[in-house]
Amino acid sequence: MASNQTIEFIGKTFNIALMKITNLKLHNFRNIEQASLTLKGQAIVVLYGENGAGKTSVLEALSLLTPGRGLHRLKMDSHTQHGFKEWVIHAQLENDQPQQIGMHFKGSKRHIKLNGEKNKTQGDLSTLGNILWFTPKMDRLFMDSASARREFLDRLVFGQQPQHAGNLNRLKHHLKNRLKLLKDHAPTDWIDIEEEQAAQYAVKVAQARTDYLTNLHQHLTAVHLELEGSFEKRDDKSPQALQQKWADTRQRDLKAGATLHGPQRSNLTGQLTELDIPLAQCSTGQHKKAILEILIANARLTAATTHNPPIILLDEVAGHLDQKTKNYFLTEVTNLGCQVWLTGTEKETFANLTDVQFFHVQQGQVQAG
């Protein structure tokens, strides 16, 4: 049976379906040869053990249950355990109804099965719900590349608009085809077709991001986010105008080896509103708290709109959060119904937490703590 909970939020009462992993099985995934985790319904799941034991591998597997390349944006073949040629993930989860997800990577392709149906895509994964994460590397998210921030934003959008994943993939597909045709000096008519298709999806992607940020700002108090780029500066953002722009810049893009204009190049920027400091210039502590506020705001927005709060993965939480901030964050997201997965080297680090289930990870083996 699906797990449900009633919460009070922004003056209203919501009956939400709690998206929770209830079982996870891994086979030849990174440094874990075999593992089976059965969850008993606690809001917080803690994986503890020495560095290199396999804790992050478990979170990496969970992150692949949502569109994208997962926790560390790695290629699928890099998850295969040394000495083997394939890996398998099987997960059971509950939201509005029980769901089963199977993943099998072999050769060069990942095969996805949902509820017994084969040949599913990343876009289909976005219909299950949202999975978000915070890793030590994200301490520098707004000092990192624009592509990392776009991927972060798109993961947030997936939870609100499941079709966004498919639109984004189709945009990338048509732009890739466009560049190939340009390099092959293909007939102009062929290039026109790819640009026309890409422009349709580009406008949908840009609008989904804009709509999401507009809704998110209702739940942000200390952070302001916005998209910047040549596409955002345009007065006419219609597919026809974008298609004409791409037609006019074919030689430039051919020389650059990339399509330089469009929402696929947009940059997510942010500011601390009270101090009026760009996130790219704030302190490490301020940056961490800003990312957490974004995650909390997203959880609130998701709970209020989809009634299906995200699953949140926090890798080495003790290493990048002070105790006060950690307790505040965990209280906020668990009150909203989020299942939270934490990793750390010492079990005692999480001794003050309630409603928690422990797993000890040691040399690639996972055992209930």
# chains A, B, ... in the order shown; residues from 1 in each chain; ligands from 1

$ residues_around --residues "stretch 76-83 of chain A" --least-positions-apart "6" --cutoff "9 Å" --atoms "only C-alpha atoms" --output "PyMOL selection string"
chain A and resi 27-33+57+60-61+69+105-110

$ select_by_dssp --residues "stretch 116-206 of chain A" --states "strand (DSSP E or B)" --output "list of chain:residue names"
A:Glu117, A:Lys118, A:Asn119, A:Lys120, A:Ile131, A:Leu132, A:Trp133, A:Phe134

$ write_last_selection --atoms "C-alpha atoms" --output "CSV table (one decimal), in the first residue's frame"
chain,number,residue,atom,x,y,z
A,117,GLU,CA,7.4,-2.7,-19.2
A,118,LYS,CA,10.6,-2.7,-21.2
A,119,ASN,CA,12.3,-0.1,-23.3
A,120,LYS,CA,11.5,2.9,-21.2
A,131,ILE,CA,15.2,12.8,-6.5
A,132,LEU,CA,17.5,15.6,-5.5
A,133,TRP,CA,21.0,15.6,-3.9
A,134,PHE,CA,23.6,17.7,-2.2

$ select_by_dssp --residues "stretch 132-247 of chain A" --states "alpha helix (DSSP H)" --output "VMD selection string"
chain A and resid 146 to 160 163 to 183 188 to 216 239 to 247

$ closest_atom_pairs --of "stretch 20-99 of chain A" --to "stretch 320-338 of chain A" --cutoff "9 Å" --atoms "only C-alpha atoms" --output "tab-separated table"
residue	atom	partner	partner_atom	distance
A:Lys20	CA	A:Cys338	CA	7.8
A:Ala43	CA	A:Thr334	CA	6.3
A:Ile44	CA	A:Thr334	CA	7.8

$ write_last_selection --atoms "N, CA and C atoms" --output "mmCIF file, in the first residue's frame"
data_model
loop_
_atom_site.group_PDB
_atom_site.id
_atom_site.type_symbol
_atom_site.label_atom_id
_atom_site.label_comp_id
_atom_site.auth_asym_id
_atom_site.auth_seq_id
_atom_site.Cartn_x
_atom_site.Cartn_y
_atom_site.Cartn_z
ATOM 1 N N LYS A 20 8.812 7.111 -1.391
ATOM 2 C CA LYS A 20 9.851 6.481 -0.579
ATOM 3 C C LYS A 20 10.356 5.216 -1.258
ATOM 4 N N ALA A 43 11.683 7.964 8.088
ATOM 5 C CA ALA A 43 11.871 9.132 7.230
ATOM 6 C C ALA A 43 13.325 9.323 6.831
ATOM 7 N N ILE A 44 14.264 8.915 7.711
ATOM 8 C CA ILE A 44 15.689 9.142 7.464
ATOM 9 C C ILE A 44 16.414 7.807 7.369
#

$ residues_around --residues "A:Asn267" --least-positions-apart "6" --cutoff "9 Å" --atoms "only C-alpha atoms" --output "list in words"
Ser145, Ala146, Ser147, Arg149, Arg150, Glu226, Leu227, Glu228 and Gly229 of chain A

$ residues_around --residues "A:Gln122" --least-positions-apart "4" --cutoff "8 Å" --atoms "only C-alpha atoms" --output "list in words"
Thr66, Pro67, Gly68, Ser126, Ala165 and Gly166 of chain A

$ residues_around --residues "A:Lys40" --least-positions-apart "5" --cutoff "12 Å" --atoms "only C-alpha atoms" --output "NGL selection string"
:A and (3 or 20-23 or 45 or 93 or 339 or 355-359 or 368)

$ residues_around --residues "stretch 249-263 of chain A" --least-positions-apart "6" --cutoff "7 Å" --atoms "only C-alpha atoms" --output "PyMOL selection string"
chain A and resi 179+182-183+202+206+230-231

$ closest_residue --among "A:Glu195, A:Glu94, A:Asp124, A:Asp139" --to "A:His287" --atoms "only C-alpha atoms"
A:Asp139

$ residues_around --residues "A:Val157" --least-positions-apart "6" --cutoff "8 Å" --atoms "only C-alpha atoms" --output "PDB file with N, CA and C atoms, in the first residue's frame"
ATOM      1  N   HIS A 164       9.317  17.865 -19.040  1.00  0.00           N
ATOM      2  CA  HIS A 164      10.517  18.681 -19.272  1.00  0.00           C
ATOM      3  C   HIS A 164      11.714  17.806 -19.655  1.00  0.00           C
ATOM      4  N   ALA A 208       9.460  26.250 -19.374  1.00  0.00           N
ATOM      5  CA  ALA A 208       9.344  25.406 -18.175  1.00  0.00           C
ATOM      6  C   ALA A 208      10.268  25.892 -17.070  1.00  0.00           C
ATOM      7  N   ARG A 209      11.484  26.257 -17.423  1.00  0.00           N
ATOM      8  CA  ARG A 209      12.428  26.781 -16.430  1.00  0.00           C
ATOM      9  C   ARG A 209      11.926  28.090 -15.833  1.00  0.00           C
ATOM     10  N   TYR A 212       8.984  27.519 -13.526  1.00  0.00           N
ATOM     11  CA  TYR A 212       9.413  26.899 -12.275  1.00  0.00           C
ATOM     12  C   TYR A 212      10.017  27.935 -11.337  1.00  0.00           C
TER      13      TYR A 212
END

$ closest_residue --among "A:His104, A:Lys25, A:Lys137, A:His111" --to "A:Thr284" --atoms "only C-alpha atoms"
A:Lys137

$ closest_residue --among "A:Trp190, A:Arg178, A:Thr127, A:Leu272" --to "A:Lys288" --atoms "only C-alpha atoms"
A:Leu272

$ decode --residues "stretch 253-269 of chain A" --atoms "N, CA and C atoms" --output "PDB file, in the first residue's frame"
ATOM      1  N   ASP A 253      28.547  28.683 -35.741  1.00  0.00           N
ATOM      2  CA  ASP A 253      28.386  27.481 -34.923  1.00  0.00           C
ATOM      3  C   ASP A 253      29.217  26.323 -35.469  1.00  0.00           C
ATOM      4  N   LEU A 254      29.338  26.235 -36.785  1.00  0.00           N
ATOM      5  CA  LEU A 254      30.167  25.189 -37.388  1.00  0.00           C
ATOM      6  C   LEU A 254      31.619  25.360 -36.963  1.00  0.00           C
ATOM      7  N   LYS A 255      32.087  26.582 -36.968  1.00  0.00           N
ATOM      8  CA  LYS A 255      33.466  26.853 -36.561  1.00  0.00           C
ATOM      9  C   LYS A 255      33.676  26.566 -35.081  1.00  0.00           C
ATOM     10  N   ALA A 256      32.669  26.892 -34.255  1.00  0.00           N
ATOM     11  CA  ALA A 256      32.778  26.674 -32.807  1.00  0.00           C
ATOM     12  C   ALA A 256      32.548  25.221 -32.419  1.00  0.00           C
ATOM     13  N   GLY A 257      31.879  24.465 -33.297  1.00  0.00           N
ATOM     14  CA  GLY A 257      31.554  23.079 -32.971  1.00  0.00           C
ATOM     15  C   GLY A 257      30.448  22.971 -31.938  1.00  0.00           C
ATOM     16  N   ALA A 258      29.633  24.018 -31.813  1.00  0.00           N
ATOM     17  CA  ALA A 258      28.538  24.035 -30.837  1.00  0.00           C
ATOM     18  C   ALA A 258      27.514  25.082 -31.257  1.00  0.00           C
ATOM     19  N   THR A 259      26.259  24.859 -30.864  1.00  0.00           N
ATOM     20  CA  THR A 259      25.215  25.848 -31.091  1.00  0.00           C
ATOM     21  C   THR A 259      25.290  26.858 -29.953  1.00  0.00           C
ATOM     22  N   LEU A 260      25.721  28.065 -30.255  1.00  0.00           N
ATOM     23  CA  LEU A 260      26.083  29.033 -29.227  1.00  0.00           C
ATOM     24  C   LEU A 260      24.912  29.872 -28.720  1.00  0.00           C
ATOM     25  N   HIS A 261      23.768  29.799 -29.378  1.00  0.00           N
ATOM     26  CA  HIS A 261      22.623  30.590 -28.953  1.00  0.00           C
ATOM     27  C   HIS A 261      21.446  29.669 -28.648  1.00  0.00           C
ATOM     28  N   GLY A 262      20.749  29.963 -27.565  1.00  0.00           N
ATOM     29  CA  GLY A 262      19.581  29.169 -27.213  1.00  0.00           C
ATOM     30  C   GLY A 262      19.571  28.830 -25.738  1.00  0.00           C
ATOM     31  N   PRO A 263      18.468  28.292 -25.228  1.00  0.00           N
ATOM     32  CA  PRO A 263      18.362  27.966 -23.799  1.00  0.00           C
ATOM     33  C   PRO A 263      19.305  26.859 -23.349  1.00  0.00           C
ATOM     34  N   GLN A 264      19.860  26.107 -24.299  1.00  0.00           N
ATOM     35  CA  GLN A 264      20.847  25.087 -23.931  1.00  0.00           C
ATOM     36  C   GLN A 264      22.152  25.722 -23.461  1.00  0.00           C
ATOM     37  N   ARG A 265      22.282  27.068 -23.586  1.00  0.00           N
ATOM     38  CA  ARG A 265      23.461  27.800 -23.135  1.00  0.00           C
ATOM     39  C   ARG A 265      23.145  28.729 -21.961  1.00  0.00           C
ATOM     40  N   SER A 266      21.912  28.711 -21.468  1.00  0.00           N
ATOM     41  CA  SER A 266      21.504  29.631 -20.400  1.00  0.00           C
ATOM     42  C   SER A 266      22.281  29.351 -19.118  1.00  0.00           C
ATOM     43  N   ASN A 267      22.411  30.373 -18.296  1.00  0.00           N
ATOM     44  CA  ASN A 267      23.158  30.270 -17.053  1.00  0.00           C
ATOM     45  C   ASN A 267      22.248  30.633 -15.884  1.00  0.00           C
ATOM     46  N   LEU A 268      22.238  29.816 -14.853  1.00  0.00           N
ATOM     47  CA  LEU A 268      21.478  30.090 -13.637  1.00  0.00           C
ATOM     48  C   LEU A 268      22.370  30.876 -12.677  1.00  0.00           C
ATOM     49  N   THR A 269      21.933  32.068 -12.314  1.00  0.00           N
ATOM     50  CA  THR A 269      22.676  32.887 -11.355  1.00  0.00           C
ATOM     51  C   THR A 269      21.813  33.129 -10.129  1.00  0.00           C
TER      52      THR A 269
END
